[in-house]
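This is final_25.pdb. It holds PDB, C-alpha atoms.
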```
MODEL        1
ATOM      1  CA  MET A 672     -11.780 -16.304 -17.238
ATOM      2  CA  ALA A 673     -10.240 -17.125 -20.611
ATOM      3  CA  PRO A 674      -6.417 -17.087 -20.915
ATOM      4  CA  ALA A 675      -6.554 -14.199 -23.394
ATOM      5  CA  GLU A 676      -8.661 -12.137 -20.991
ATOM      6  CA  ARG A 677      -6.292 -12.882 -18.125
ATOM      7  CA  GLU A 678      -3.332 -11.785 -20.232
ATOM      8  CA  GLN A 679      -5.110  -8.571 -21.175
ATOM      9  CA  MET A 680      -5.832  -7.813 -17.524
ATOM     10  CA  ARG A 681      -2.201  -8.529 -16.636
ATOM     11  CA  GLN A 682      -1.016  -6.084 -19.281
ATOM     12  CA  THR A 683      -3.490  -3.449 -18.112
ATOM     13  CA  VAL A 684      -2.308  -3.706 -14.508
ATOM     14  CA  GLU A 685       1.314  -3.481 -15.644
ATOM     15  CA  GLU A 686       0.532  -0.356 -17.672
ATOM     16  CA  MET A 687      -1.208   1.196 -14.665
ATOM     17  CA  PHE A 688       1.833   0.491 -12.519
ATOM     18  CA  TYR A 689       4.303   2.046 -14.946
ATOM     19  CA  HIS A 690       2.058   5.065 -15.460
ATOM     20  CA  ALA A 691       2.238   5.753 -11.721
ATOM     21  CA  PHE A 692       5.831   4.655 -11.116
ATOM     22  CA  ASP A 693       7.371   6.471 -14.083
ATOM     23  CA  GLY A 694       5.506   9.646 -13.184
ATOM     24  CA  TYR A 695       6.866   9.465  -9.647
ATOM     25  CA  MET A 696      10.446   8.821 -10.759
ATOM     26  CA  GLU A 697      10.352  11.636 -13.307
ATOM     27  CA  ARG A 698       8.699  14.298 -11.161
ATOM     28  CA  ALA A 699       8.932  13.466  -7.456
ATOM     29  CA  PHE A 700      11.845  11.110  -6.709
ATOM     30  CA  PRO A 701      13.504  11.013  -4.168
ATOM     31  CA  HIS A 702      10.668  12.661  -2.257
ATOM     32  CA  ASP A 703       7.952  10.424  -0.844
ATOM     33  CA  GLU A 704       5.015  10.754  -3.231
ATOM     34  CA  LEU A 705       3.913  12.426  -6.446
ATOM     35  CA  ARG A 706       1.052  14.899  -6.710
ATOM     36  CA  PRO A 707      -0.044  13.954 -10.239
ATOM     37  CA  ILE A 708      -2.472  16.818 -10.801
ATOM     38  CA  SER A 709       0.021  19.561  -9.957
ATOM     39  CA  GLY A 710       3.099  17.600 -10.998
ATOM     40  CA  GLY A 711       4.658  18.368  -7.637
ATOM     41  CA  TYR A 712       5.641  16.166  -4.734
ATOM     42  CA  THR A 713       4.850  15.603  -1.092
ATOM     43  CA  ASP A 714       7.005  14.183   1.685
ATOM     44  CA  ALA A 715       4.003  12.286   2.900
ATOM     45  CA  LEU A 716       5.531  10.050   5.550
ATOM     46  CA  VAL A 717       5.165  12.826   8.119
ATOM     47  CA  GLU A 718       1.582  13.495   7.043
ATOM     48  CA  LEU A 719      -0.001  10.034   6.845
ATOM     49  CA  GLY A 720      -1.793   9.415  10.114
ATOM     50  CA  ALA A 721       0.383  11.934  11.939
ATOM     51  CA  PRO A 722      -0.697  14.930  14.049
ATOM     52  CA  ALA A 723      -2.283  17.919  12.334
ATOM     53  CA  GLN A 724       1.046  19.761  12.468
ATOM     54  CA  PRO A 725       3.678  17.013  12.241
ATOM     55  CA  THR A 726       7.277  17.589  13.196
ATOM     56  CA  ARG A 727       9.347  17.918  10.020
ATOM     57  CA  ARG A 728      12.722  19.326  11.107
ATOM     58  CA  GLY A 729      14.021  19.564   7.560
ATOM     59  CA  TYR A 730      12.604  16.231   6.411
ATOM     60  CA  SER A 731      12.704  15.914   2.613
ATOM     61  CA  GLY A 732      11.582  12.345   2.026
ATOM     62  CA  VAL A 733      13.052   8.848   2.013
ATOM     63  CA  ALA A 734      11.883   7.794  -1.468
ATOM     64  CA  LEU A 735       8.821   6.156   0.079
ATOM     65  CA  THR A 736       7.186   5.327  -3.259
ATOM     66  CA  LEU A 737      10.360   3.738  -4.625
ATOM     67  CA  ILE A 738      10.777   1.500  -1.573
ATOM     68  CA  ASP A 739       7.075   0.652  -1.684
ATOM     69  CA  SER A 740       7.409  -0.320  -5.371
ATOM     70  CA  LEU A 741      10.571  -2.436  -5.331
ATOM     71  CA  ASP A 742       8.846  -5.790  -4.916
ATOM     72  CA  THR A 743       6.368  -4.934  -7.688
ATOM     73  CA  LEU A 744       9.252  -4.221 -10.059
ATOM     74  CA  ALA A 745      10.601  -7.677  -9.265
ATOM     75  CA  VAL A 746       7.225  -9.399  -9.572
ATOM     76  CA  ILE A 747       6.585  -7.977 -13.045
ATOM     77  CA  GLY A 748      10.072  -9.041 -14.105
ATOM     78  CA  ASN A 749      11.882  -5.708 -14.424
ATOM     79  CA  ALA A 750      15.141  -7.000 -12.970
ATOM     80  CA  SER A 751      17.276  -4.061 -14.112
ATOM     81  CA  GLU A 752      15.062  -1.366 -12.559
ATOM     82  CA  PHE A 753      14.663  -3.476  -9.423
ATOM     83  CA  ALA A 754      18.440  -3.780  -9.059
ATOM     84  CA  ARG A 755      18.897  -0.055  -9.679
ATOM     85  CA  GLY A 756      16.344   0.738  -6.991
ATOM     86  CA  VAL A 757      17.867  -1.689  -4.487
ATOM     87  CA  ARG A 758      21.301  -0.152  -4.949
ATOM     88  CA  TRP A 759      20.016   3.413  -4.652
ATOM     89  CA  VAL A 760      18.102   2.693  -1.449
ATOM     90  CA  SER A 761      21.058   0.787   0.008
ATOM     91  CA  GLU A 762      23.401   3.704  -0.619
ATOM     92  CA  ASN A 763      21.182   6.707   0.097
ATOM     93  CA  VAL A 764      18.446   6.001   2.657
ATOM     94  CA  ASP A 765      19.106   6.794   6.306
ATOM     95  CA  PHE A 766      16.477   6.692   9.058
ATOM     96  CA  ASP A 767      18.471   8.755  11.539
ATOM     97  CA  ILE A 768      15.934  11.595  11.313
ATOM     98  CA  ASP A 769      13.849  13.327  13.970
ATOM     99  CA  ILE A 770      10.262  13.427  12.681
ATOM    100  CA  ASP A 771       6.752  12.302  13.620
ATOM    101  CA  VAL A 772       5.605   9.362  11.504
ATOM    102  CA  SER A 773       2.638   7.049  11.196
ATOM    103  CA  VAL A 774       3.689   3.702  12.654
ATOM    104  CA  PHE A 775       1.092   1.935  10.508
ATOM    105  CA  GLU A 776       2.185   3.473   7.199
ATOM    106  CA  THR A 777       5.869   3.193   8.049
ATOM    107  CA  THR A 778       5.454  -0.479   8.914
ATOM    108  CA  ILE A 779       3.472  -1.597   5.883
ATOM    109  CA  ARG A 780       5.205   0.548   3.277
ATOM    110  CA  LEU A 781       8.769   1.113   4.431
ATOM    111  CA  LEU A 782       9.478  -1.866   6.677
ATOM    112  CA  GLY A 783       7.432  -4.214   4.502
ATOM    113  CA  GLY A 784       8.969  -2.829   1.327
ATOM    114  CA  LEU A 785      12.504  -3.251   2.621
ATOM    115  CA  LEU A 786      11.933  -6.809   3.842
ATOM    116  CA  SER A 787      10.216  -8.035   0.675
ATOM    117  CA  ALA A 788      12.842  -6.398  -1.542
ATOM    118  CA  HIS A 789      15.597  -7.968   0.578
ATOM    119  CA  MET A 790      14.113 -11.434   0.109
ATOM    120  CA  LEU A 791      13.843 -10.924  -3.647
ATOM    121  CA  ALA A 792      17.262  -9.298  -4.077
ATOM    122  CA  ASN A 793      18.853 -12.204  -2.229
ATOM    123  CA  GLY A 794      17.656 -14.482  -5.021
ATOM    124  CA  THR A 795      17.375 -17.624  -2.897
ATOM    125  CA  MET A 796      14.694 -16.797  -0.324
ATOM    126  CA  VAL A 797      11.680 -16.752  -2.676
ATOM    127  CA  ASP A 798      10.865 -19.587  -5.081
ATOM    128  CA  GLY A 799      11.193 -18.486  -8.687
ATOM    129  CA  ALA A 800      12.995 -15.236  -7.845
ATOM    130  CA  SER A 801      16.488 -16.178  -8.980
ATOM    131  CA  HIS A 802      16.104 -14.061 -12.137
ATOM    132  CA  VAL A 803      15.832 -10.857 -10.072
ATOM    133  CA  ARG A 804      18.793 -11.607  -7.825
ATOM    134  CA  VAL A 805      20.896  -8.459  -7.463
ATOM    135  CA  ALA A 806      24.572  -9.107  -8.113
ATOM    136  CA  GLY A 807      26.759  -8.048  -5.213
ATOM    137  CA  TYR A 808      23.819  -7.575  -2.860
ATOM    138  CA  GLY A 809      24.958  -8.075   0.718
ATOM    139  CA  GLY A 810      21.811  -7.676   2.785
ATOM    140  CA  GLU A 811      21.889  -3.888   3.002
ATOM    141  CA  LEU A 812      18.094  -3.619   2.923
ATOM    142  CA  LEU A 813      17.812  -6.014   5.843
ATOM    143  CA  VAL A 814      20.171  -3.790   7.835
ATOM    144  CA  LEU A 815      17.963  -0.793   7.037
ATOM    145  CA  ALA A 816      14.836  -2.749   7.975
ATOM    146  CA  ARG A 817      16.266  -3.755  11.337
ATOM    147  CA  ASP A 818      17.336  -0.188  12.069
ATOM    148  CA  LEU A 819      13.867   1.093  11.179
ATOM    149  CA  GLY A 820      12.108  -1.590  13.212
ATOM    150  CA  GLU A 821      14.142  -0.794  16.297
ATOM    151  CA  ARG A 822      13.303   2.890  15.936
ATOM    152  CA  LEU A 823       9.589   2.088  15.673
ATOM    153  CA  LEU A 824       9.706   0.321  19.025
ATOM    154  CA  GLY A 825       9.698   3.796  20.536
ATOM    155  CA  ALA A 826       5.953   3.844  19.877
ATOM    156  CA  ARG A 827       5.380   1.053  22.392
ATOM    157  CA  SER A 828       3.292   2.182  25.342
ATOM    158  CA  LYS A 829       3.315   1.135  28.985
ATOM    159  CA  PHE A 830       0.600  -1.382  28.060
ATOM    160  CA  ASP A 831       2.982  -3.051  25.574
ATOM    161  CA  LEU A 832       0.845  -1.837  22.676
ATOM    162  CA  LEU A 833       1.979   0.040  19.602
ATOM    163  CA  GLY A 834       0.464   3.448  18.999
ATOM    164  CA  ASN A 835      -0.395   4.811  15.564
ATOM    165  CA  THR A 836       2.343   7.425  15.759
ATOM    166  CA  LEU A 837       5.512   7.728  17.777
ATOM    167  CA  ASP A 838       3.444   9.439  20.458
ATOM    168  CA  PRO A 839       1.866   6.335  22.068
ATOM    169  CA  GLU A 840      -0.777   8.413  23.838
ATOM    170  CA  LEU A 841      -2.427   9.315  20.530
ATOM    171  CA  TYR A 842      -5.310   7.093  19.497
ATOM    172  CA  ALA A 843      -6.415   6.360  15.959
ATOM    173  CA  MET A 844      -9.567   4.478  15.043
ATOM    174  CA  TRP A 845      -9.272   1.568  12.612
ATOM    175  CA  ASN A 846     -10.896   2.528   9.373
ATOM    176  CA  ALA A 847     -12.902   0.533   6.877
ATOM    177  CA  SER A 848     -10.400   0.403   4.037
ATOM    178  CA  ALA A 849      -7.326  -0.388   6.134
ATOM    179  CA  SER A 850      -9.209  -3.031   8.122
ATOM    180  CA  ALA A 851      -9.747  -4.942   4.884
ATOM    181  CA  VAL A 852      -6.285  -6.437   5.412
ATOM    182  CA  GLU A 853      -7.835  -8.777   8.001
ATOM    183  CA  GLN A 854      -8.918 -11.272   5.339
ATOM    184  CA  HIS A 855      -5.368 -11.524   4.001
ATOM    185  CA  LEU A 856      -4.052 -12.283   7.479
ATOM    186  CA  ARG A 857      -6.742 -14.911   8.043
ATOM    187  CA  VAL A 858      -5.799 -16.602   4.770
ATOM    188  CA  LEU A 859      -2.166 -16.736   5.851
ATOM    189  CA  ALA A 860      -3.336 -18.305   9.122
ATOM    190  CA  GLY A 861      -5.336 -20.929   7.231
ATOM    191  CA  GLU A 862      -8.712 -19.544   8.347
ATOM    192  CA  LEU A 863     -10.289 -19.579   4.894
ATOM    193  CA  ARG A 864     -13.968 -19.684   5.868
ATOM    194  CA  PRO A 865     -13.933 -16.607   8.148
ATOM    195  CA  ALA A 866     -11.624 -14.861   5.677
ATOM    196  CA  ALA A 867     -14.133 -15.412   2.882
ATOM    197  CA  ALA A 868     -17.032 -14.232   5.048
ATOM    198  CA  THR A 869     -15.236 -11.042   6.046
ATOM    199  CA  PHE A 870     -14.230 -10.425   2.448
ATOM    200  CA  GLU A 871     -17.879 -10.591   1.370
ATOM    201  CA  ALA A 872     -18.780  -7.890   3.892
ATOM    202  CA  PHE A 873     -16.093  -5.543   2.619
ATOM    203  CA  HIS A 874     -16.811  -6.378  -1.011
ATOM    204  CA  SER A 875     -20.464  -5.443  -0.473
ATOM    205  CA  LEU A 876     -19.272  -1.932   0.413
ATOM    206  CA  TRP A 877     -17.120  -1.877  -2.719
ATOM    207  CA  ARG A 878     -20.109  -2.848  -4.867
ATOM    208  CA  LYS A 879     -22.211  -0.130  -3.265
ATOM    209  CA  PHE A 880     -19.705   2.693  -3.771
ATOM    210  CA  ASN A 881     -17.433   1.368  -6.561
ATOM    211  CA  ALA A 882     -14.678   1.949  -4.013
ATOM    212  CA  LEU A 883     -13.998   1.232  -0.359
ATOM    213  CA  PRO A 884     -14.705   4.301   1.799
ATOM    214  CA  GLU A 885     -12.114   5.285   4.352
ATOM    215  CA  ARG A 886     -14.699   5.109   7.135
ATOM    216  CA  PHE A 887     -18.175   3.582   7.214
ATOM    217  CA  ASP A 888     -20.602   3.986  10.114
ATOM    218  CA  VAL A 889     -21.981   0.471  10.602
ATOM    219  CA  ASP A 890     -24.555   1.508  13.208
ATOM    220  CA  ARG A 891     -26.104   4.139  10.956
ATOM    221  CA  GLY A 892     -25.392   2.304   7.710
ATOM    222  CA  LYS A 893     -23.866   5.353   6.067
ATOM    223  CA  LEU A 894     -20.579   6.949   5.152
ATOM    224  CA  HIS A 895     -18.624   8.740   7.845
ATOM    225  CA  ASP A 896     -19.484  12.435   7.891
ATOM    226  CA  THR A 897     -15.946  13.683   7.215
ATOM    227  CA  LEU A 898     -13.995  10.618   6.011
ATOM    228  CA  ALA A 899     -16.110   9.601   3.028
ATOM    229  CA  TYR A 900     -13.232   9.277   0.582
ATOM    230  CA  TYR A 901     -11.175   6.515  -1.011
ATOM    231  CA  PRO A 902      -7.383   6.945  -0.759
ATOM    232  CA  LEU A 903      -6.620   4.100  -3.193
ATOM    233  CA  ARG A 904      -5.782   1.650  -0.423
ATOM    234  CA  PRO A 905      -4.778  -1.809  -1.728
ATOM    235  CA  GLU A 906      -5.861  -4.001   1.204
ATOM    236  CA  LEU A 907      -9.100  -5.352  -0.271
ATOM    237  CA  ALA A 908      -7.474  -6.184  -3.613
ATOM    238  CA  GLU A 909      -4.621  -7.921  -1.798
ATOM    239  CA  SER A 910      -7.095  -9.976   0.213
ATOM    240  CA  CYS A 911      -8.891 -10.932  -2.993
ATOM    241  CA  TYR A 912      -5.563 -12.060  -4.463
ATOM    242  CA  ALA A 913      -4.758 -14.112  -1.357
ATOM    243  CA  LEU A 914      -8.171 -15.794  -1.371
ATOM    244  CA  TYR A 915      -7.848 -16.677  -5.051
ATOM    245  CA  HIS A 916      -4.454 -18.298  -4.556
ATOM    246  CA  ALA A 917      -5.639 -20.148  -1.468
ATOM    247  CA  THR A 918      -8.889 -21.448  -2.979
ATOM    248  CA  ARG A 919      -8.372 -21.222  -6.767
ATOM    249  CA  ASP A 920     -11.968 -20.051  -6.909
ATOM    250  CA  ALA A 921     -12.297 -18.222 -10.242
ATOM    251  CA  ARG A 922     -14.850 -15.870  -8.686
ATOM    252  CA  TYR A 923     -12.078 -14.054  -6.823
ATOM    253  CA  LEU A 924     -10.166 -13.644 -10.063
ATOM    254  CA  GLN A 925     -13.246 -12.075 -11.643
ATOM    255  CA  ILE A 926     -13.763  -9.769  -8.657
ATOM    256  CA  GLY A 927     -10.136  -8.705  -8.911
ATOM    257  CA  ALA A 928     -10.606  -7.901 -12.586
ATOM    258  CA  GLU A 929     -13.692  -5.810 -11.816
ATOM    259  CA  MET A 930     -11.849  -3.929  -9.079
ATOM    260  CA  GLU A 931      -9.007  -3.196 -11.491
ATOM    261  CA  VAL A 932     -11.387  -1.738 -14.078
ATOM    262  CA  GLU A 933     -13.193   0.397 -11.497
ATOM    263  CA  ALA A 934      -9.933   1.626  -9.956
ATOM    264  CA  ASP A 935      -8.636   2.560 -13.406
ATOM    265  CA  GLU A 936     -11.824   4.494 -14.154
ATOM    266  CA  GLU A 937     -11.623   6.240 -10.774
ATOM    267  CA  GLU A 938      -8.002   7.199 -11.435
ATOM    268  CA  GLU A 939      -8.861   8.693 -14.818
ATOM    269  CA  GLU A 940     -11.862  10.549 -13.375
ATOM    270  CA  HIS A 941      -9.760  12.220 -10.670
ATOM    271  CA  GLY A 942      -6.548  12.672 -12.612
ATOM    272  CA  GLY A 943      -4.695   9.837 -10.912
ATOM    273  CA  ASP A 944      -3.990  11.784  -7.745
ATOM    274  CA  ASN A 945      -3.105   9.749  -4.671
ATOM    275  CA  GLU A 946      -4.794  12.286  -2.433
ATOM    276  CA  PRO A 947      -8.089  11.318  -0.771
ATOM    277  CA  GLN A 948     -10.933  11.015  -3.254
ATOM    278  CA  PRO A 949     -14.619  10.459  -2.413
ATOM    279  CA  PRO A 950     -16.330   7.278  -3.583
ATOM    280  CA  ARG A 951     -18.672   8.051  -6.470
ATOM    281  CA  GLN A 952     -21.850   7.630  -4.440
ATOM    282  CA  ALA A 953     -20.577  10.105  -1.856
ATOM    283  CA  LEU A 954     -20.647  12.737  -4.583
ATOM    284  CA  LEU A 955     -24.377  12.333  -5.184
TER     285      LEU A 955
ENDMDL
END
```

Encoded form using C-alpha cells:
Amino acid sequence: MAPAEREQMRQTVEEMFYHAFDGYMERAFPHDELRPISGGYTDALVELGAPAQPTRRGYSGVALTLIDSLDTLAVIGNASEFARGVRWVSENVDFDIDIDVSVFETTIRLLGGLLSAHMLANGTMVDGASHVRVAGYGGELLVLARDLGERLLGARSKFDLLGNTLDPELYAMWNASASAVEQHLRVLAGELRPAAATFEAFHSLWRKFNALPERFDVDRGKLHDTLAYYPLRPELAESCYALYHATRDARYLQIGAEMEVEADEEEEEHGGDNEPQPPRQALL
C-alpha cells in the first residue's frame, strides 16, 4: 500500500471516529451510548448481554462511550480532549450502583478503557505516549479500575468460573463476532500460525457477508435464525491490526483497509446506528 493511500485511510478512520464521538458527546453524554437515528441515548450497560428485564434501579449511565474512547483520543493525538475526558471520569464516575451488567462488556469496555487510559495518562508506561501525559494525574483511573474489578468478582461461580452477568447461573453462548478476539490473544501469546489460521476462518465469513454475523451455525453452514445481525463489533479488525504488527505482512493492512471501507458503507446505509444491524446477505 502506497504511503499516500495509507495516509488517506488514516484520515478516513479519524473522520469516522470523530463523527461518532462528537455525536455522542453532543447528544448522549454522560449516558452510555448514542442512538444516532433518533438522536436520543441509551444507558446500554444494563442491556448488553443482560437479562431480558435488567435491574436498573435509577441507573442513568456511566459515560460508557467516553471511557471506551479515551485511549483512541490519545492514539490519534488529541491530548487536550483526552485530558478533559480523564479528568471528568476521575471526578464523576462511581461504580457504587446496584444494577445487572454484562461481565463481558463491562470488562472489555469499562475495565479495559480505564486501564488503557490510566497507562496513557501516566505518560511513562507506554512508549511514545509522553505527549498525552495528563498534568496532575494521580492514578485515579486505576483506583476506579480496581474498584470495578473487585465488584465484578461477584460473578464468580462455585466452579471458579466467571458468568456472563452478575448472576453466575446464567449461561451465554460465545458468538461468532465476539469470538474473533481469539486471534488477537494468540498473537499476544506468540502463537502466530494458529492466529493466522483462525483469522482466515473468520475473514471468510466477513467476505461472504461484508460483515461478521453475531452468530453463525457452523453445522448447518448458515446464519443463526434470530441473531443474524452485525453489531459493529471491533474484534476482527483488532485481530487484523495485531497480525499486521506482528508479521508486517502487507496483506493484513490491505484487509484492514477493505474492512474500513465496508464498515463505513454499512454505517451510511443504516444511518450509523450502533444497534444490531443484519449483514447485507441476511437481507436477501

Resolved residues for the PyMOL selection byres ((chain A and resi 812-818) around 7) as an mmCIF file with C-alpha atoms, in the frame of the given file:
```
data_model
loop_
_atom_site.group_PDB
_atom_site.id
_atom_site.type_symbol
_atom_site.label_atom_id
_atom_site.label_comp_id
_atom_site.auth_asym_id
_atom_site.auth_seq_id
_atom_site.Cartn_x
_atom_site.Cartn_y
_atom_site.Cartn_z
ATOM 1 C CA SER A 761 21.058 0.787 0.008
ATOM 2 C CA LEU A 782 9.478 -1.866 6.677
ATOM 3 C CA LEU A 785 12.504 -3.251 2.621
ATOM 4 C CA LEU A 786 11.933 -6.809 3.842
ATOM 5 C CA HIS A 789 15.597 -7.968 0.578
ATOM 6 C CA GLY A 810 21.811 -7.676 2.785
ATOM 7 C CA GLU A 811 21.889 -3.888 3.002
ATOM 8 C CA LEU A 819 13.867 1.093 11.179
ATOM 9 C CA GLY A 820 12.108 -1.590 13.212
ATOM 10 C CA GLU A 821 14.142 -0.794 16.297
ATOM 11 C CA ARG A 822 13.303 2.890 15.936
#
```

Report the distance between CA of Glu885 (chain A) and CA of Tyr712 (chain A) in Å, rounded to one decimal place.
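Taking CA of Glu885 (chain A) as the start and CA of Tyr712 (chain A) as the end point, the length is 22.7 Å.
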
Residues selected by the PyMOL selection byres ((chain A and resi 923) around 12), written as a count of residues only
28

Show me the residues close to (7.4, 11.9, -7.6) - anything with an atom within 12 Å, counting all atoms listed in the file - and format the list as a ChimeraX atom specification.
/A:690-715,732-737,944-945

Pull C-alpha atoms from the residues just selected and write them as a PDB file, in the frame of the given file.
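Result went into part_1.pdb, see below:
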```pdb
ATOM      1  CA  HIS A 690       2.058   5.065 -15.460  1.00  0.00           C
ATOM      2  CA  ALA A 691       2.238   5.753 -11.721  1.00  0.00           C
ATOM      3  CA  PHE A 692       5.831   4.655 -11.116  1.00  0.00           C
ATOM      4  CA  ASP A 693       7.371   6.471 -14.083  1.00  0.00           C
ATOM      5  CA  GLY A 694       5.506   9.646 -13.184  1.00  0.00           C
ATOM      6  CA  TYR A 695       6.866   9.465  -9.647  1.00  0.00           C
ATOM      7  CA  MET A 696      10.446   8.821 -10.759  1.00  0.00           C
ATOM      8  CA  GLU A 697      10.352  11.636 -13.307  1.00  0.00           C
ATOM      9  CA  ARG A 698       8.699  14.298 -11.161  1.00  0.00           C
ATOM     10  CA  ALA A 699       8.932  13.466  -7.456  1.00  0.00           C
ATOM     11  CA  PHE A 700      11.845  11.110  -6.709  1.00  0.00           C
ATOM     12  CA  PRO A 701      13.504  11.013  -4.168  1.00  0.00           C
ATOM     13  CA  HIS A 702      10.668  12.661  -2.257  1.00  0.00           C
ATOM     14  CA  ASP A 703       7.952  10.424  -0.844  1.00  0.00           C
ATOM     15  CA  GLU A 704       5.015  10.754  -3.231  1.00  0.00           C
ATOM     16  CA  LEU A 705       3.913  12.426  -6.446  1.00  0.00           C
ATOM     17  CA  ARG A 706       1.052  14.899  -6.710  1.00  0.00           C
ATOM     18  CA  PRO A 707      -0.044  13.954 -10.239  1.00  0.00           C
ATOM     19  CA  ILE A 708      -2.472  16.818 -10.801  1.00  0.00           C
ATOM     20  CA  SER A 709       0.021  19.561  -9.957  1.00  0.00           C
ATOM     21  CA  GLY A 710       3.099  17.600 -10.998  1.00  0.00           C
ATOM     22  CA  GLY A 711       4.658  18.368  -7.637  1.00  0.00           C
ATOM     23  CA  TYR A 712       5.641  16.166  -4.734  1.00  0.00           C
ATOM     24  CA  THR A 713       4.850  15.603  -1.092  1.00  0.00           C
ATOM     25  CA  ASP A 714       7.005  14.183   1.685  1.00  0.00           C
ATOM     26  CA  ALA A 715       4.003  12.286   2.900  1.00  0.00           C
ATOM     27  CA  GLY A 732      11.582  12.345   2.026  1.00  0.00           C
ATOM     28  CA  VAL A 733      13.052   8.848   2.013  1.00  0.00           C
ATOM     29  CA  ALA A 734      11.883   7.794  -1.468  1.00  0.00           C
ATOM     30  CA  LEU A 735       8.821   6.156   0.079  1.00  0.00           C
ATOM     31  CA  THR A 736       7.186   5.327  -3.259  1.00  0.00           C
ATOM     32  CA  LEU A 737      10.360   3.738  -4.625  1.00  0.00           C
ATOM     33  CA  ASP A 944      -3.990  11.784  -7.745  1.00  0.00           C
ATOM     34  CA  ASN A 945      -3.105   9.749  -4.671  1.00  0.00           C
TER      35      ASN A 945
END
```

Enumerate, as number ranges by chain, the residues matched when the PyMOL selection byres ((chain A and resi 752) around 12) is run on the file above.
A: 689, 692-693, 696, 737, 740-751, 753-759, 792, 803-805

Hey, which bits of region 847-949 of chain A sit within 12 Å of region 777-780 of chain A, and for each residue what's the closest pair of atoms and how far apart in Å (one decimal), counting all atoms listed in the file, rows by chain and increasing number, as a tab-separated table?
```
residue	atom	partner	partner_atom	distance
A:Ala849	CA	A:Ile779	CA	10.9
A:Val852	CA	A:Ile779	CA	10.9
A:Arg904	CA	A:Arg780	CA	11.6
A:Pro905	CA	A:Ile779	CA	11.2
A:Glu906	CA	A:Ile779	CA	10.7
```

Atom pair CA of Ala868 (chain A) / CA of Phe887 (chain A): separation (Å)
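Taking CA of Ala868 (chain A) and CA of Phe887 (chain A), their separation equals 18.0 Å.
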
Return the single residue from A:Phe880, A:Val932, A:Ile738, A:Asp771 that is closest to Met680 (chain A), with distances computed using all atoms listed in the file.
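Checking each candidate against Met680 (chain A), we get A:Val932 as the closest.
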
In Å to one decimal, how far is CA of Asp765 (chain A) from CA of Met790 (chain A)?
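Straight-line distance from CA of Met790 (chain A) to CA of Asp765 (chain A) works out to 19.9 Å.
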
Return the single residue from A:Glu678, A:Asp739, A:Asp798, A:Glu718 that is closest to Val772 (chain A), with distances computed using only C-alpha atoms.
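Nearest candidate to Val772 (chain A) out of A:Glu678, A:Asp739, A:Asp798, A:Glu718: A:Glu718.
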
Taking all atoms of region 801-817 of chain A that the file lists, what box with edges along x, y and z, padded by 8 Å per side, do you get, with centre and edge lengths in Å to one decimal, as lines of an AutoDock Vina configuration file?
```
center_x = 20.8
center_y = -8.5
center_z = -0.4
size_x = 27.9
size_y = 31.4
size_z = 39.5
```

Proximity to Ala866 (chain A) - best of A:Asp767, A:Arg878, A:Glu853, A:Ala673, all atoms listed in the file:
A:Glu853

For Asp935 (chain A), work out the shell of residues within 10 Å, counting all atoms listed in the file and skipping chain neighbours fewer than 6 positions away, then give it as a list in words.
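In the requested form, the answer reads Thr683, Val684, Met687, Glu929 and Gly943 of chain A.
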